[in-house]
Every structure is written in structure tokens, then in C-alpha cells.
Amino acid sequence: MPPAAPSDVPPAVPANIRLGGPADVPADVPVDAPADARADASPADVRERVVAWFDEHRRDLPWRAPDRTAWGVLVSEVMLQQTPVVRVEPAWRAWMARWPTPADLAAAGTDEVLRAWDRLGYPRRALRLQECARAVVERHGGTVPATADELLALPGVGSYTAGAVLSFAYGRRAVVLDTNVRRVLARLAVGEALPGPAVTAVETRLAEAWLPDDDLGAARWAAASMELGALVCTARSPRCAACPVEDACRWRRAGSPPDAHAHRRRTQAWTGTDRQVRGRVMALLREAPGPVPAHVVAGTWPDRVQRERCLAALVADGLVVEQAGAGEDDEVAYALPR
DNA sequence: AAAGCGGGGAC
DNA sequence: GTCCCAGCTTT
């Protein structure tokens, strides 16, 4: 970690990333404009304004409540990996009411865990969350660890989730670089419409440079910048008129240019993919009270080759178990793992 | 670095 | 139809 800098001066940034300054003023700003219309606000000032906005406009989400637990924060972060907040909130409430602690989830039946995950998507996350609960119980006595290395060693926890738990649950200084923060920094600090398809080392260094030096300040900035991205600095139709730092935004100053790397994005196919087939099989097994005979599973997808490939993959993933010959006709059946 | 992995709502 | 969502894991 680079040495801490005083919080009243701009943080060090990678040489190829400019935070702004007189040389960066776009051509459409008259040279005889007032000086303060051409000078950038300091990063500390920008952060303060975003945090002040956050204090006023933050959503009242249950995993932010004063009585939240570190485990509750971790559960929310795993659920929020690619699933929108509005869909996670009710699922999180039901989940935490049923399994409040890692020990509770560790002891649950995996079939019930997968049913409770319902349609949040990417059900491997539910499997990993239960493995994570068991690891927390076995390695850490049931307490969510508070170091990056220990968090990253947990199943389903990557750099984002580890940083989020450190910051939101423990109030520690940590880079929290999700899709919202990436977009805010891309616009505010870099001047691009959207970040690239994957997190880069330069981006991580930029996020680190913007992080206040103190734990509390860093945690507040992490939450505030993420919320700004979720509510104002949105991917489509950003509400710049409501933004507390529009005047300091390099993207706005540049005239809101279009996405520079749109040509590198590839939209995920859905119809007819293995993911669709897997989703249908999992939906069927979630709703069934017990094992489902193969001829019923066959009704989920007409293409036998693709269907069997997906079933085999689901079994390999641990999301489905195959049971032989339970019925009178010795037909194979499929079920959720116990 | 790229691919695979769910599902639904907004446009 | 396309795009996007508090990403992680494997190749």
C-alpha cells in the first residue's frame, strides 16, 4: 500500500491519469471565464460534497441498519453480485430471518438453501455462500474475518466483496470497486462515459488514490460514491442535474462524449443457451418436493444433447444430484442436493 | 484476457 | 430486440 498522503492535498495518481487542472479545460470554456470556473475542485472537496449528498439521499437498506452484522453484510454482497438491489432486498430479509448466523446456514439443507435462493440467478453463488458459512464456522469460530487475506480465501469472495465487507461491516479503509464506483470514477476523474469491460490495474490505483486516508472517511466515501453511481451517475440516462459534483466532472466538462469502448462490449446471449436450459432445470427442481423422473426433466428442453450436457454440468457443479432407479421402472431421477 | 454463469426490468 | 445489474471462478 502506498504511503498515506495528507487529506488536504490531491492524492497521488498514476502518471497517465489526470484528475484535471487548467490544462484540461475543454475548448468550449471561454478563456476569459472566471478563474474558479476553470479550476478544478480538489479531490477532498469533491469527496466531501459526495458524502454530504449521501447523508441526505442514502437509501434505507436493511444491510445498512445500525444493528447489521458482518455476516449480514457478507450475505448481501454475495446476493448483490450481478443481481439488482430491488430484487435482493426481500430475499435478504427472508434469508436472514431464517439463517441469521453462519452456523445457521452451515447447518441448513442445501436443497432448502437453493430453494430460498429462488430466482436471484447464478445459483452457484448460493452453494458458495453455504460453503463460506461453513468455512467461517470452521476457520474463524463463526465470526466473519476482518482481514483482506482471510476474506479472499472464503468461497465466493473476490476483491470487490472483500473490500465491501472490510469497509461496510468493519469500517476499515479498503478499495471498493464495483460497477457503480467504476462508472463514477470513469466519468468524474477520467472523463469517459463508461468504464472498460474489466477492472484494470490503473483503475484500482485510481480508486486507491481517491480513497481518504482514515478508516471512517474511506468507508464513507466508498458507500457514498457507490450510492451516487446507483442513484445519480447511472449507466443510462444519468441525472447530472441532481449530481453534487457535476461542475467537477471531467466527462461533463468534455461535453458528455459517447462510450469510447462500446465496440469492445459483447452482450450476453440468452435464448437457447446452456444458461437458459440450466435455469429451467433448476426452476423445476426447486419447485418439486422431491426427486423428479428423467422423463419429466426432459420436458424442460427439447434438444436431448443440450439437455443432457447441461444436466451433467449441473451435477458436476454440485447443483443437482442424480438418483438411479428409485421407481418401479428403474428410471433415473434428479433432485437438489441435500 | 476471455468465457461461463440467471434472471428480470427498463428502454 | 438490447442493455444492465454492489462479480467470481476457471481456463
# chains A, B, ... in the order shown; residues from 1 in each chain; ligands from 1
>>> interface_residues(of="chain A", to="chain C", cutoff="8 Å", atoms="only C-alpha atoms (C1' of nucleotides)", output="list of chain:residue names")
A:Glu77, A:Leu80, A:Gln81, A:Gln82, A:Thr83, A:Pro84, A:Gly156, A:Val157, A:Gly158, A:Tyr160, A:Asp178, A:Thr179, A:Asn180, A:Met226, A:Ala235, A:Thr267
>>> interface_residues(of="chain B", to="chain A", cutoff="7 Å", atoms="only C-alpha atoms (C1' of nucleotides)", output="ChimeraX atom specification")
/B:5-7
>>> atom_distance(atom1="CA of Ser256 in chain A", atom2="CA of Trp53 in chain A")
22.1 Å
>>> select_by_dssp(residues="range 247-328 of chain A", states="alpha helix (DSSP H)", output="VMD selection string")
chain A and resid 250 to 253 274 to 287 294 to 297 304 to 317
>>> write_last_selection(atoms="N, CA, C and O atoms", output="CSV table (one decimal), in the first residue's frame")
chain,number,residue,atom,x,y,z
A,250,ARG,N,-15.2,15.5,-15.2
A,250,ARG,CA,-14.4,15.6,-16.5
A,250,ARG,C,-15.2,15.2,-17.7
A,250,ARG,O,-15.0,15.7,-18.8
A,251,TRP,N,-16.1,14.2,-17.5
A,251,TRP,CA,-17.0,13.8,-18.6
A,251,TRP,C,-17.9,14.8,-19.0
A,251,TRP,O,-18.1,15.1,-20.2
A,252,ARG,N,-18.5,15.5,-18.0
A,252,ARG,CA,-19.4,16.6,-18.4
A,252,ARG,C,-18.7,17.8,-19.0
A,252,ARG,O,-19.1,18.4,-20.0
A,253,ARG,N,-17.5,18.1,-18.5
A,253,ARG,CA,-16.7,19.2,-19.0
A,253,ARG,C,-16.3,18.9,-20.4
A,253,ARG,O,-16.1,19.8,-21.2
A,274,ASP,N,-27.0,-22.6,-22.9
A,274,ASP,CA,-27.0,-23.6,-21.8
A,274,ASP,C,-27.5,-22.9,-20.5
A,274,ASP,O,-28.1,-23.6,-19.7
A,275,ARG,N,-27.2,-21.6,-20.4
A,275,ARG,CA,-27.7,-20.9,-19.1
A,275,ARG,C,-29.2,-21.0,-19.0
A,275,ARG,O,-29.8,-21.1,-18.0
A,276,GLN,N,-29.9,-20.8,-20.2
A,276,GLN,CA,-31.3,-20.9,-20.2
A,276,GLN,C,-31.8,-22.3,-19.8
A,276,GLN,O,-32.7,-22.5,-19.0
A,277,VAL,N,-31.2,-23.3,-20.4
A,277,VAL,CA,-31.5,-24.7,-20.1
A,277,VAL,C,-31.3,-25.0,-18.6
A,277,VAL,O,-32.2,-25.5,-17.9
A,278,ARG,N,-30.2,-24.6,-18.1
A,278,ARG,CA,-29.9,-24.8,-16.7
A,278,ARG,C,-30.9,-24.1,-15.8
A,278,ARG,O,-31.3,-24.7,-14.8
A,279,GLY,N,-31.3,-22.9,-16.2
A,279,GLY,CA,-32.2,-22.2,-15.4
A,279,GLY,C,-33.6,-22.9,-15.3
A,279,GLY,O,-34.2,-22.9,-14.3
A,280,ARG,N,-34.0,-23.5,-16.5
A,280,ARG,CA,-35.3,-24.2,-16.5
A,280,ARG,C,-35.2,-25.5,-15.6
A,280,ARG,O,-36.1,-25.8,-14.9
A,281,VAL,N,-34.1,-26.2,-15.7
A,281,VAL,CA,-33.9,-27.4,-14.8
A,281,VAL,C,-34.0,-27.0,-13.4
A,281,VAL,O,-34.7,-27.6,-12.6
A,282,MET,N,-33.2,-26.0,-13.0
A,282,MET,CA,-33.2,-25.6,-11.6
A,282,MET,C,-34.5,-25.1,-11.1
A,282,MET,O,-34.9,-25.4,-10.0
A,283,ALA,N,-35.3,-24.4,-12.0
A,283,ALA,CA,-36.6,-23.9,-11.6
A,283,ALA,C,-37.5,-25.1,-11.3
A,283,ALA,O,-38.3,-25.2,-10.3
A,284,LEU,N,-37.4,-26.1,-12.2
A,284,LEU,CA,-38.2,-27.3,-12.0
A,284,LEU,C,-37.9,-28.1,-10.7
A,284,LEU,O,-38.8,-28.4,-9.9
A,285,LEU,N,-36.6,-28.2,-10.4
A,285,LEU,CA,-36.2,-29.0,-9.2
A,285,LEU,C,-36.5,-28.2,-8.0
A,285,LEU,O,-36.8,-28.8,-6.9
A,286,ARG,N,-36.4,-26.9,-8.0
A,286,ARG,CA,-36.8,-26.0,-6.8
A,286,ARG,C,-38.2,-26.2,-6.4
A,286,ARG,O,-38.5,-26.3,-5.3
A,287,GLU,N,-39.1,-26.3,-7.5
A,287,GLU,CA,-40.5,-26.4,-7.2
A,287,GLU,C,-41.0,-27.8,-6.8
A,287,GLU,O,-42.0,-28.0,-6.2
A,294,ALA,N,-36.6,-38.6,-14.9
A,294,ALA,CA,-35.9,-38.1,-16.1
A,294,ALA,C,-36.9,-37.7,-17.2
A,294,ALA,O,-36.7,-36.7,-17.9
A,295,HIS,N,-38.0,-38.4,-17.4
A,295,HIS,CA,-38.9,-38.1,-18.5
A,295,HIS,C,-39.6,-36.8,-18.2
A,295,HIS,O,-40.0,-36.1,-19.1
A,296,VAL,N,-39.7,-36.4,-16.9
A,296,VAL,CA,-40.3,-35.1,-16.6
A,296,VAL,C,-39.3,-34.0,-16.8
A,296,VAL,O,-39.6,-32.9,-17.4
A,297,VAL,N,-38.1,-34.2,-16.4
A,297,VAL,CA,-37.0,-33.3,-16.6
A,297,VAL,C,-36.8,-33.0,-18.2
A,297,VAL,O,-36.6,-31.9,-18.6
A,304,ARG,N,-32.2,-33.1,-26.8
A,304,ARG,CA,-31.7,-34.1,-25.9
A,304,ARG,C,-30.2,-33.9,-25.6
A,304,ARG,O,-29.7,-34.0,-24.4
A,305,VAL,N,-29.4,-33.6,-26.6
A,305,VAL,CA,-28.0,-33.5,-26.5
A,305,VAL,C,-27.7,-32.3,-25.5
A,305,VAL,O,-26.9,-32.4,-24.6
A,306,GLN,N,-28.3,-31.2,-25.8
A,306,GLN,CA,-28.0,-30.0,-25.0
A,306,GLN,C,-28.5,-30.2,-23.6
A,306,GLN,O,-27.9,-29.8,-22.6
A,307,ARG,N,-29.7,-30.8,-23.4
A,307,ARG,CA,-30.3,-31.0,-22.1
A,307,ARG,C,-29.4,-31.9,-21.3
A,307,ARG,O,-29.1,-31.6,-20.1
A,308,GLU,N,-28.9,-33.0,-21.9
A,308,GLU,CA,-28.0,-33.9,-21.1
A,308,GLU,C,-26.7,-33.3,-20.8
A,308,GLU,O,-26.1,-33.6,-19.7
A,309,ARG,N,-26.2,-32.5,-21.7
A,309,ARG,CA,-24.9,-31.8,-21.4
A,309,ARG,C,-25.1,-30.9,-20.2
A,309,ARG,O,-24.3,-30.8,-19.3
A,310,CYS,N,-26.2,-30.2,-20.2
A,310,CYS,CA,-26.5,-29.2,-19.1
A,310,CYS,C,-26.7,-30.0,-17.7
A,310,CYS,O,-26.3,-29.5,-16.7
A,311,LEU,N,-27.4,-31.1,-17.8
A,311,LEU,CA,-27.6,-31.9,-16.6
A,311,LEU,C,-26.3,-32.4,-16.0
A,311,LEU,O,-26.1,-32.3,-14.8
A,312,ALA,N,-25.5,-32.8,-16.9
A,312,ALA,CA,-24.1,-33.3,-16.4
A,312,ALA,C,-23.4,-32.2,-15.8
A,312,ALA,O,-22.7,-32.4,-14.8
A,313,ALA,N,-23.4,-31.0,-16.4
A,313,ALA,CA,-22.7,-29.8,-15.9
A,313,ALA,C,-23.3,-29.4,-14.5
A,313,ALA,O,-22.5,-29.1,-13.6
A,314,LEU,N,-24.6,-29.5,-14.4
A,314,LEU,CA,-25.2,-29.1,-13.1
A,314,LEU,C,-24.8,-30.1,-12.0
A,314,LEU,O,-24.6,-29.7,-10.9
A,315,VAL,N,-24.7,-31.4,-12.4
A,315,VAL,CA,-24.3,-32.4,-11.4
A,315,VAL,C,-22.8,-32.1,-11.0
A,315,VAL,O,-22.4,-32.2,-9.9
A,316,ALA,N,-22.0,-31.8,-12.0
A,316,ALA,CA,-20.6,-31.5,-11.8
A,316,ALA,C,-20.4,-30.3,-10.9
A,316,ALA,O,-19.5,-30.2,-10.1
A,317,ASP,N,-21.3,-29.4,-11.1
A,317,ASP,CA,-21.3,-28.1,-10.3
A,317,ASP,C,-21.8,-28.3,-8.8
A,317,ASP,O,-21.7,-27.4,-8.0
>>> atom_distance(atom1="CA of Leu319 in chain A", atom2="CA of Leu336 in chain A")
6.4 Å
>>> atom_distance(atom1="CA of Cys233 in chain A", atom2="CA of Ala207 in chain A")
16.4 Å
>>> residues_around(residues="Ala262 in chain A", least_positions_apart="6", cutoff="10 Å", atoms="only C-alpha atoms (C1' of nucleotides)", output="list in words")
Ala193, Leu194, Pro195, Gly196 and Pro197 of chain A
>>> write_last_selection(atoms="C-alpha atoms", output="compact mmCIF listing (two decimals), in the first residue's frame")
# COMPACT_ATOMS: atom_id res chain seq x y z
CA ALA A 193 -18.81 7.76 -20.44
CA LEU A 194 -18.33 4.24 -19.10
CA PRO A 195 -15.51 2.13 -17.70
CA GLY A 196 -14.00 -0.67 -19.75
CA PRO A 197 -15.29 -4.23 -19.75
>>> decode(residues="range 234-248 of chain A", atoms="N, CA, C and O atoms", output="JSON list (two decimals), in the first residue's frame")
[["chain", "number", "residue", "atom", "x", "y", "z"],
["A", 234, "THR", "N", -25.92, 7.06, -13.19],
["A", 234, "THR", "CA", -26.34, 5.75, -13.68],
["A", 234, "THR", "C", -25.81, 5.48, -15.07],
["A", 234, "THR", "O", -25.40, 6.40, -15.79],
["A", 235, "ALA", "N", -25.83, 4.22, -15.46],
["A", 235, "ALA", "CA", -25.25, 3.84, -16.74],
["A", 235, "ALA", "C", -25.99, 4.50, -17.89],
["A", 235, "ALA", "O", -25.37, 5.04, -18.81],
["A", 236, "ARG", "N", -27.31, 4.43, -17.84],
["A", 236, "ARG", "CA", -28.10, 5.08, -18.88],
["A", 236, "ARG", "C", -28.90, 6.23, -18.27],
["A", 236, "ARG", "O", -29.40, 6.12, -17.17],
["A", 237, "SER", "N", -29.03, 7.30, -19.00],
["A", 237, "SER", "CA", -29.76, 8.48, -18.55],
["A", 237, "SER", "C", -29.32, 8.96, -17.17],
["A", 237, "SER", "O", -30.12, 9.03, -16.23],
["A", 238, "PRO", "N", -28.03, 9.29, -17.02],
["A", 238, "PRO", "CA", -27.56, 9.81, -15.74],
["A", 238, "PRO", "C", -28.26, 11.13, -15.42],
["A", 238, "PRO", "O", -28.58, 11.91, -16.30],
["A", 239, "ARG", "N", -28.53, 11.32, -14.12],
["A", 239, "ARG", "CA", -29.25, 12.51, -13.67],
["A", 239, "ARG", "C", -28.26, 13.57, -13.25],
["A", 239, "ARG", "O", -28.15, 13.91, -12.05],
["A", 240, "CYS", "N", -27.55, 14.10, -14.21],
["A", 240, "CYS", "CA", -26.46, 15.04, -13.90],
["A", 240, "CYS", "C", -26.97, 16.30, -13.21],
["A", 240, "CYS", "O", -26.24, 16.92, -12.44],
["A", 241, "ALA", "N", -28.22, 16.70, -13.47],
["A", 241, "ALA", "CA", -28.75, 17.90, -12.84],
["A", 241, "ALA", "C", -28.85, 17.72, -11.32],
["A", 241, "ALA", "O", -28.84, 18.69, -10.58],
["A", 242, "ALA", "N", -28.94, 16.47, -10.88],
["A", 242, "ALA", "CA", -29.05, 16.20, -9.45],
["A", 242, "ALA", "C", -27.70, 15.85, -8.84],
["A", 242, "ALA", "O", -27.63, 15.50, -7.66],
["A", 243, "CYS", "N", -26.64, 15.93, -9.62],
["A", 243, "CYS", "CA", -25.32, 15.50, -9.13],
["A", 243, "CYS", "C", -24.64, 16.61, -8.33],
["A", 243, "CYS", "O", -24.57, 17.75, -8.79],
["A", 244, "PRO", "N", -24.13, 16.27, -7.16],
["A", 244, "PRO", "CA", -23.47, 17.29, -6.32],
["A", 244, "PRO", "C", -22.11, 17.74, -6.86],
["A", 244, "PRO", "O", -21.58, 18.73, -6.39],
["A", 245, "VAL", "N", -21.56, 17.00, -7.80],
["A", 245, "VAL", "CA", -20.22, 17.34, -8.30],
["A", 245, "VAL", "C", -20.18, 17.44, -9.82],
["A", 245, "VAL", "O", -19.15, 17.20, -10.44],
["A", 246, "GLU", "N", -21.30, 17.82, -10.42],
["A", 246, "GLU", "CA", -21.33, 17.94, -11.88],
["A", 246, "GLU", "C", -20.27, 18.91, -12.38],
["A", 246, "GLU", "O", -19.64, 18.68, -13.41],
["A", 247, "ASP", "N", -20.05, 20.00, -11.63],
["A", 247, "ASP", "CA", -19.08, 21.02, -12.07],
["A", 247, "ASP", "C", -17.67, 20.48, -12.08],
["A", 247, "ASP", "O", -16.81, 21.01, -12.77],
["A", 248, "ALA", "N", -17.42, 19.41, -11.33],
["A", 248, "ALA", "CA", -16.06, 18.85, -11.26],
["A", 248, "ALA", "C", -15.90, 17.62, -12.16],
["A", 248, "ALA", "O", -14.84, 17.01, -12.17]]
